[in-house]
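Student: Next up, query_32.txt (compact mmCIF, C-alpha atoms and all ligand atoms).
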```txt
# COMPACT_ATOMS: atom_id res chain seq x y z
CA MET K 1 -51.96 47.54 11.17
CA ILE K 2 -51.65 43.98 12.39
CA LYS K 3 -52.27 41.19 9.90
CA GLN K 4 -55.38 39.83 11.60
CA ILE K 5 -57.14 43.20 11.34
CA GLU K 6 -56.14 43.58 7.67
CA GLN K 7 -57.73 40.17 7.14
CA VAL K 8 -60.93 41.29 8.90
CA ALA K 9 -61.15 44.23 6.46
CA GLU K 10 -60.67 41.90 3.49
CA VAL K 11 -63.37 39.51 4.73
CA ALA K 12 -65.75 42.40 5.47
CA LEU K 13 -65.52 43.40 1.81
CA TYR K 14 -66.31 39.84 0.69
CA LEU K 15 -69.33 39.71 3.02
CA TRP K 16 -70.67 42.91 1.47
CA GLN K 17 -69.94 41.77 -2.10
CA LYS K 18 -71.75 38.49 -1.49
CA GLY K 19 -74.85 40.29 -0.25
CA TRP K 20 -74.48 38.71 3.18
CA ALA K 21 -73.97 42.00 5.07
CA GLU K 22 -76.88 44.35 4.49
CA ARG K 23 -76.84 47.56 6.54
CA ASN K 24 -74.93 46.84 9.79
CA GLY K 25 -75.63 43.09 9.59
CA GLY K 26 -73.06 40.66 10.91
CA ASN K 27 -70.34 40.67 13.52
CA ILE K 28 -66.67 39.79 13.74
CA THR K 29 -64.44 39.37 16.78
CA VAL K 30 -60.83 38.16 16.68
CA ASN K 31 -58.57 37.27 19.58
CA ILE K 32 -55.45 39.27 18.70
CA THR K 33 -53.62 38.78 22.02
CA GLU K 34 -50.66 36.99 20.44
CA GLU K 35 -50.27 39.56 17.65
CA LEU K 36 -50.02 42.65 19.82
CA ASP K 37 -46.65 43.83 21.14
CA ALA K 38 -46.17 44.80 24.76
CA ASP K 39 -46.32 48.55 24.05
CA VAL K 40 -49.80 48.30 22.56
CA LYS K 41 -50.97 46.07 25.38
CA ARG K 42 -49.93 48.74 27.88
CA LEU K 43 -51.82 51.57 26.12
CA PRO K 44 -54.02 53.56 28.50
CA ALA K 45 -57.75 53.02 28.18
CA LEU K 46 -59.51 55.45 25.81
CA ALA K 47 -62.83 54.51 27.38
CA GLY K 48 -64.23 52.14 29.93
CA PRO K 49 -64.27 49.96 31.89
CA PHE K 50 -67.55 48.67 30.48
CA ASP K 51 -69.50 45.75 31.91
CA ILE K 52 -69.50 42.68 29.63
CA GLY K 53 -72.56 41.32 31.45
CA VAL K 54 -70.92 37.97 32.16
CA THR K 55 -67.70 36.88 33.84
CA LEU K 56 -65.37 35.05 31.46
CA PRO K 57 -62.40 33.78 33.50
CA ASN K 58 -60.42 32.39 30.55
CA LEU K 59 -60.20 35.80 28.88
CA LYS K 60 -57.89 37.26 31.53
CA GLY K 61 -55.16 39.21 29.74
CA CYS K 62 -56.84 38.87 26.35
CA PHE K 63 -57.20 41.50 23.61
CA PHE K 64 -59.79 41.46 20.84
CA TYR K 65 -60.59 43.34 17.70
CA ALA K 66 -64.37 43.79 17.55
CA LYS K 67 -66.58 45.33 14.89
CA GLY K 68 -68.33 48.44 16.17
CA THR K 69 -72.01 48.43 17.05
CA GLY K 70 -74.20 49.74 14.24
CA ARG K 71 -71.23 49.82 11.85
CA ARG K 72 -71.41 48.55 8.28
CA MET K 73 -69.16 45.77 6.95
CA ARG K 74 -68.71 47.76 3.73
CA ASP K 75 -67.35 50.71 5.74
CA LEU K 76 -65.20 48.46 7.91
CA ALA K 77 -63.64 47.05 4.72
CA ARG K 78 -62.19 50.49 3.92
CA GLU K 79 -61.54 51.73 7.45
CA PRO K 80 -61.30 48.91 9.99
CA MET K 81 -60.11 51.16 12.83
CA GLU K 82 -62.92 53.68 12.25
CA ASN K 83 -65.54 50.94 12.40
CA GLY K 84 -64.11 48.64 15.01
CA ALA K 85 -61.83 48.80 18.03
CA ILE K 86 -59.22 46.93 20.03
CA ILE K 87 -60.45 46.05 23.50
CA ARG K 88 -58.60 44.80 26.58
CA ILE K 89 -60.32 42.45 29.01
CA CYS K 90 -59.93 43.77 32.56
CA ASP K 91 -58.45 41.61 35.31
CA ASP K 92 -61.90 40.98 36.83
CA CYS K 93 -62.83 39.21 33.55
CA SER K 94 -66.22 40.91 33.56
CA HIS K 95 -65.28 44.33 32.13
CA TYR K 96 -63.38 45.60 29.12
CA GLU K 97 -61.63 48.81 28.06
CA ILE K 98 -61.25 50.27 24.57
CA ILE K 99 -57.54 50.92 23.93
CA ALA K 100 -57.27 51.69 20.17
CA ASP K 101 -57.60 53.45 17.82
CA LYS K 102 -60.78 55.38 18.69
CA VAL K 103 -63.76 55.02 20.98
CA VAL K 104 -65.87 52.75 18.78
CA MET K 105 -68.25 50.80 20.97
CA PRO K 106 -68.12 47.08 20.12
CA THR K 107 -70.96 45.08 18.63
CA SER K 108 -73.99 44.49 20.85
CA GLU K 109 -73.23 40.80 20.30
CA LEU K 110 -69.94 41.19 22.19
CA PRO K 111 -71.07 39.12 25.24
CA SER K 112 -72.01 36.15 23.08
CA HIS K 113 -68.88 36.39 20.92
CA LEU K 114 -66.66 36.67 24.00
CA SER K 115 -68.49 33.76 25.65
CA VAL K 116 -67.58 31.64 22.63
CA HIS K 117 -63.92 32.74 22.83
CA ASN K 118 -63.95 31.94 26.56
CA TYR K 119 -65.23 28.46 25.73
CA LEU K 120 -62.64 27.96 22.93
CA ILE K 121 -59.74 28.87 25.25
CA ALA K 122 -61.06 26.50 27.94
CA LYS K 123 -61.09 23.72 25.38
CA GLY K 124 -57.50 24.45 24.29
CA SER K 125 -58.75 25.28 20.79
CA PRO K 126 -56.41 27.11 18.37
CA TYR K 127 -59.42 29.04 17.04
CA LYS K 128 -59.08 32.82 17.29
CA ALA K 129 -61.89 34.24 15.13
CA SER K 130 -65.67 34.29 15.23
CA LEU K 131 -67.92 35.42 12.41
CA HIS K 132 -71.65 36.04 12.28
CA THR K 133 -73.16 36.77 8.87
CA HIS K 134 -76.35 36.28 6.80
CA PRO K 135 -75.52 33.96 3.83
CA ILE K 136 -78.62 34.11 1.65
CA GLU K 137 -79.00 30.53 0.42
CA LEU K 138 -78.10 28.89 3.74
CA VAL K 139 -80.65 31.06 5.54
CA ALA K 140 -83.24 30.18 2.89
CA LEU K 141 -82.81 26.47 3.72
CA THR K 142 -83.76 27.08 7.35
CA HIS K 143 -87.23 28.31 6.39
CA SER K 144 -88.27 24.66 6.20
CA GLN K 145 -88.14 22.38 9.27
CA LYS K 146 -87.03 19.57 6.96
CA TRP K 147 -83.58 21.14 6.92
CA MET K 148 -83.38 21.86 10.63
CA ALA K 149 -83.11 18.21 11.75
CA LYS K 150 -79.60 17.24 12.85
CA ASP K 151 -77.21 16.73 9.92
CA VAL K 152 -79.87 16.71 7.19
CA ALA K 153 -78.42 19.89 5.69
CA THR K 154 -74.85 18.74 6.41
CA LYS K 155 -75.31 15.53 4.43
CA VAL K 156 -76.95 17.18 1.42
CA LEU K 157 -74.42 20.03 1.31
CA TRP K 158 -71.44 17.68 1.67
CA SER K 159 -72.79 15.57 -1.18
CA MET K 160 -72.96 18.42 -3.71
CA ILE K 161 -69.20 18.52 -4.48
CA PRO K 162 -66.35 16.65 -2.75
CA GLU K 163 -64.62 19.83 -1.59
CA THR K 164 -67.50 20.77 0.71
CA LYS K 165 -66.71 17.94 3.10
CA ALA K 166 -62.95 18.47 2.71
CA PHE K 167 -63.11 22.18 3.56
CA CYS K 168 -66.02 22.19 6.02
CA PRO K 169 -65.32 18.81 7.56
CA ARG K 170 -67.50 19.19 10.65
CA GLY K 171 -70.62 20.18 8.72
CA LEU K 172 -73.37 22.55 9.75
CA GLY K 173 -74.80 22.56 13.27
CA MET K 174 -78.41 23.68 13.64
CA VAL K 175 -79.84 25.97 16.31
CA PRO K 176 -83.61 26.64 16.36
CA TYR K 177 -84.86 30.23 16.23
CA MET K 178 -83.98 32.31 19.30
CA LEU K 179 -83.95 36.03 19.93
CA PRO K 180 -80.83 37.68 18.41
CA GLY K 181 -78.38 38.73 21.10
CA SER K 182 -79.99 36.58 23.79
CA VAL K 183 -78.09 34.53 26.36
CA GLU K 184 -80.08 31.49 25.20
CA LEU K 185 -78.79 31.88 21.65
CA ALA K 186 -75.20 32.27 22.87
CA ASP K 187 -75.54 29.16 25.06
CA ALA K 188 -77.10 27.12 22.25
CA THR K 189 -74.32 28.22 19.89
CA ILE K 190 -71.61 27.13 22.32
CA LYS K 191 -73.43 23.81 22.79
CA ALA K 192 -73.45 23.28 19.01
CA ILE K 193 -69.73 24.12 18.72
CA ASP K 194 -69.15 21.69 21.60
CA ASP K 195 -71.08 19.11 19.57
CA ASN K 196 -68.17 19.33 17.09
CA TYR K 197 -69.33 21.93 14.55
CA ASP K 198 -67.31 24.92 13.35
CA VAL K 199 -70.27 26.50 11.56
CA VAL K 200 -73.59 26.85 13.34
CA MET K 201 -76.80 27.82 11.59
CA TRP K 202 -79.26 30.08 13.39
CA GLU K 203 -82.74 29.29 12.04
CA LYS K 204 -84.19 32.10 9.86
CA HIS K 205 -81.24 34.35 10.72
CA GLY K 206 -77.66 33.49 9.75
CA VAL K 207 -74.52 31.56 10.62
CA PHE K 208 -71.98 31.72 13.41
CA ALA K 209 -68.57 30.32 12.45
CA VAL K 210 -65.29 29.86 14.30
CA ASP K 211 -61.82 29.05 12.99
CA VAL K 212 -58.12 29.79 13.42
CA ASP K 213 -58.52 33.17 11.69
CA ILE K 214 -61.33 35.17 10.12
CA MET K 215 -60.44 34.18 6.54
CA SER K 216 -60.73 30.50 7.43
CA ALA K 217 -64.06 31.07 9.19
CA PHE K 218 -65.32 32.92 6.10
CA ASP K 219 -64.06 30.12 3.82
CA GLN K 220 -66.06 27.49 5.69
CA VAL K 221 -69.27 29.51 5.34
CA ASP K 222 -68.49 30.27 1.68
CA VAL K 223 -67.94 26.58 0.90
CA LEU K 224 -71.25 25.59 2.54
CA ASN K 225 -73.18 28.37 0.85
CA LYS K 226 -71.70 27.36 -2.53
CA ALA K 227 -73.03 23.84 -1.94
CA ALA K 228 -76.48 25.29 -1.17
CA LEU K 229 -76.31 27.23 -4.45
CA ILE K 230 -75.49 24.04 -6.37
CA TYR K 231 -78.43 22.31 -4.69
CA MET K 232 -80.74 25.14 -5.70
CA ALA K 233 -79.35 25.25 -9.26
CA SER K 234 -80.13 21.53 -9.60
CA ARG K 235 -83.66 22.11 -8.33
CA ALA K 236 -84.05 25.00 -10.77
CA LEU K 237 -83.11 22.59 -13.60
CA GLY K 238 -86.11 20.57 -12.50
CA HIS K 239 -84.46 17.67 -10.69
CA GLU K 240 -83.67 16.69 -7.12
CA PRO K 241 -79.86 16.43 -7.17
CA GLU K 242 -78.57 12.88 -6.68
CA GLY K 243 -75.71 13.92 -4.43
CA MET K 244 -72.56 11.90 -3.89
CA THR K 245 -73.22 8.47 -2.37
CA ASP K 246 -72.51 7.55 1.27
CA ALA K 247 -69.61 5.42 0.03
CA GLN K 248 -68.16 8.37 -1.87
CA LEU K 249 -68.44 10.60 1.20
CA GLU K 250 -66.78 7.96 3.39
CA GLN K 251 -64.02 7.63 0.81
CA MET K 252 -63.39 11.39 1.14
CA SER K 253 -63.10 11.07 4.94
CA ARG K 254 -60.56 8.26 4.64
CA ALA K 255 -58.55 9.87 1.84
CA PHE K 256 -58.27 13.25 3.57
CA ASN K 257 -58.34 12.05 7.18
CA LEU K 258 -61.45 14.11 7.98
CA PRO K 259 -62.92 14.24 11.50
CA LYS K 260 -66.39 12.98 10.48
ZN ZN K 301 -77.59 38.63 12.40
```
Go ahead and express the file in the form of structure tokens.
Ligand SMILES: [Zn+2]
Tutor:
Amino acid sequence: MIKQIEQVAEVALYLWQKGWAERNGGNITVNITEELDADVKRLPALAGPFDIGVTLPNLKGCFFYAKGTGRRMRDLAREPMENGAIIRICDDCSHYEIIADKVVMPTSELPSHLSVHNYLIAKGSPYKASLHTHPIELVALTHSQKWMAKDVATKVLWSMIPETKAFCPRGLGMVPYMLPGSVELADATIKAIDDNYDVVMWEKHGVFAVDVDIMSAFDQVDVLNKAALIYMASRALGHEPEGMTDAQLEQMSRAFNLPK
């Protein structure tokens, strides 16, 4: 099995262990085009072509691993090719075929995930992986409008421990509540990524994260959620946490050459 899919299985286990992946919650897609050898790319279609629902011109010749619709992360962790599939984007850029290992229909969120990948390629981004999951404490924050204003959560989370800013240096973009799976939510997510965030919060739902690989995308969400846990632990002790100062946060940016 190719390394990127092994990594998806490892991350799926972490998502389950963290309590972020109840039932079939969450989605993963990874652009594996560069990892596949020519023989695999030429495999006949097992099923399809299926309509993506949108035309995504930058995905011509691309291959993705996608979690299967209705499949559980905890099952995918053990058997990634029984609970996900490799798909090939057809030359018309609006259909896909399943080529391996079995006919496992991809996540219903495929159009939005692929739209994000289409955007990333257009931008020349090295990012290959997208992750949607339900991190408990980060979702809890979004049940108050106070946290939904631009960069309010980012600033508090960054200020909990220095590593948060170092390892999630673009912070947390905020998207107001929209219907799961809707075109509007996909468009708003792309807009937030374009606004220079790697991790985007969907109000009262979960996060959508992009990075070079799925482990890195997971790490960014994990780092942010850890900061939310520290915030809540401080509140549970009975105090509003002081947080690092603006000067301390700026010092981090200079010392580690961070983008914000
Ligand atoms: Zn969800």
Student: Counting only C-alpha atoms and all ligand atoms, what are the residues of chain K within 6 Å of ligand ZN 301 (chain K), and for each of them which pair of atoms is the nearest and at what distance in Å, to one decimal? Sort the table by chain and rising number, as a tab-separated table.
Tutor:
```
residue	atom	partner	partner_atom	distance
K:Gly25	CA	K:ZN301	ZN	5.6
K:Gly26	CA	K:ZN301	ZN	5.2
K:Thr133	CA	K:ZN301	ZN	6.0
K:His205	CA	K:ZN301	ZN	5.9
K:Gly206	CA	K:ZN301	ZN	5.8
```
Student: Looking at K:Val212, K:Ala247, K:Leu110, K:Met252, which one is nearest to Val183 (chain K), with distances taken over all atoms listed in the file?
Tutor: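 Looking at the shortest contact to Val183 (chain K), the residue is K:Leu110.
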Student: So that I can see what lies close to Lys204 (chain K), please list as a list of chain:residue names the residues with an atom at most 7 Å from it, counting all atoms listed in the file and leaving out residues fewer than 2 positions away in the same chain.
Tutor: K:Val139, K:Thr142, K:His143, K:Tyr177, K:Trp202, K:Gly206
Student: By how many Å are CA of Pro162 (chain K) and CA of Met148 (chain K) apart?
Tutor: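 Between these atoms lies a distance of 22.3 Å.
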Student: Restricting the calculation to all atoms listed in the file: of K:Ser182, K:Thr164, K:Ser130, K:Gln145, which residue gets closest to Val200 (chain K)?
Tutor: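 Closest to Val200 (chain K), using all atoms listed in the file: K:Ser130.
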